Amino acid sequence: MPTVRATIKPNSRKGPLVETAEDGTLTLYVRAPAVEGKANKAAIDLLATHFGVPRSAIRLTAGATSRFKRFEVDG
């Protein structure tokens, strides 16, 4: 299972968008606010689309309340 490090940018007018940094960290721009897990759900949806896997294949493993997150991707 690959682990993906990501920085999330909630309430972004630029999103939904995924940018990859030189070190492999992803920056996720989502339109959802960082309230009640909405930005996390939007980030999972965005990653699923980006990697071409179902939502159930993406798991948030660290950083649920942080701007810096780690996800595991199955498949």
# chains A, B, ... in the order shown; residues from 1 in each chain; ligands from 1
call {"tool": "residues_around", "arguments": {"residues": "range 63-73 of chain A", "least_positions_apart": "3", "cutoff": "8 Å", "atoms": "only C-alpha atoms", "output": "list in words"}}
result
Met1, Pro2, Thr3, Val4, Arg5, Ala6, Thr7, Ile8, Lys9, Gly37, Asn40, Ala57, Ile58, Arg59 and Leu60 of chain A
call {"tool": "write_last_selection", "arguments": {"atoms": "C-alpha atoms", "output": "PDB file, in the first residue's frame"}}
result
ATOM      1  CA  MET A   1       0.000   0.000   0.000  1.00  0.00           C
ATOM      2  CA  PRO A   2       1.627   3.237  -1.080  1.00  0.00           C
ATOM      3  CA  THR A   3       1.543   6.103   1.402  1.00  0.00           C
ATOM      4  CA  VAL A   4       0.825   9.559   0.035  1.00  0.00           C
ATOM      5  CA  ARG A   5       1.832  12.725   1.891  1.00  0.00           C
ATOM      6  CA  ALA A   6      -0.409  15.688   1.175  1.00  0.00           C
ATOM      7  CA  THR A   7      -0.991  19.277   2.189  1.00  0.00           C
ATOM      8  CA  ILE A   8      -4.611  20.315   2.002  1.00  0.00           C
ATOM      9  CA  LYS A   9      -5.839  23.784   1.079  1.00  0.00           C
ATOM     10  CA  GLY A  37     -14.480  16.663   8.105  1.00  0.00           C
ATOM     11  CA  ASN A  40     -11.099  15.514   4.376  1.00  0.00           C
ATOM     12  CA  ALA A  57      -9.346   2.485  -1.687  1.00  0.00           C
ATOM     13  CA  ILE A  58      -8.217   5.744  -0.023  1.00  0.00           C
ATOM     14  CA  ARG A  59      -7.713   5.897   3.759  1.00  0.00           C
ATOM     15  CA  LEU A  60      -6.673   8.878   5.855  1.00  0.00           C
TER      16      LEU A  60
END
call {"tool": "select_by_dssp", "arguments": {"residues": "chain A", "states": "helix (DSSP H, G or I)", "output": "list in words"}}
result
Lys38, Ala39, Asn40, Lys41, Ala42, Ala43, Ile44, Asp45, Leu46, Leu47, Ala48, Thr49, His50, Phe51, Arg55, Ser56 and Ala57 of chain A
call {"tool": "closest_residue", "arguments": {"among": "A:His50, A:Pro16, A:Asn11, A:Ser56", "to": "Lys38 in chain A", "atoms": "only C-alpha atoms"}}
result
A:Asn11
call {"tool": "closest_residue", "arguments": {"among": "A:Leu17, A:Ala43, A:Leu28, A:Ala34", "to": "Arg55 in chain A", "atoms": "only C-alpha atoms"}}
result
A:Ala43
call {"tool": "select_by_dssp", "arguments": {"residues": "chain A", "states": "strand (DSSP E)", "output": "list of chain:residue names"}}
result
A:Thr3, A:Val4, A:Arg5, A:Ala6, A:Thr7, A:Ile8, A:Lys9, A:Leu17, A:Val18, A:Glu19, A:Thr20, A:Leu26, A:Thr27, A:Leu28, A:Tyr29, A:Ile58, A:Arg59, A:Leu60, A:Thr61, A:Ala62, A:Phe68, A:Lys69, A:Arg70, A:Phe71, A:Glu72, A:Val73
call {"tool": "atom_distance", "arguments": {"atom1": "CA of Ala39 in chain A", "atom2": "CA of Glu22 in chain A"}}
result
24.0 Å
call {"tool": "atom_distance", "arguments": {"atom1": "CA of Gly15 in chain A", "atom2": "CA of Ala32 in chain A"}}
result
9.3 Å
call {"tool": "closest_residue", "arguments": {"among": "A:Arg31, A:Lys41, A:Ala62, A:Leu46", "to": "Glu19 in chain A", "atoms": "only C-alpha atoms"}}
result
A:Leu46
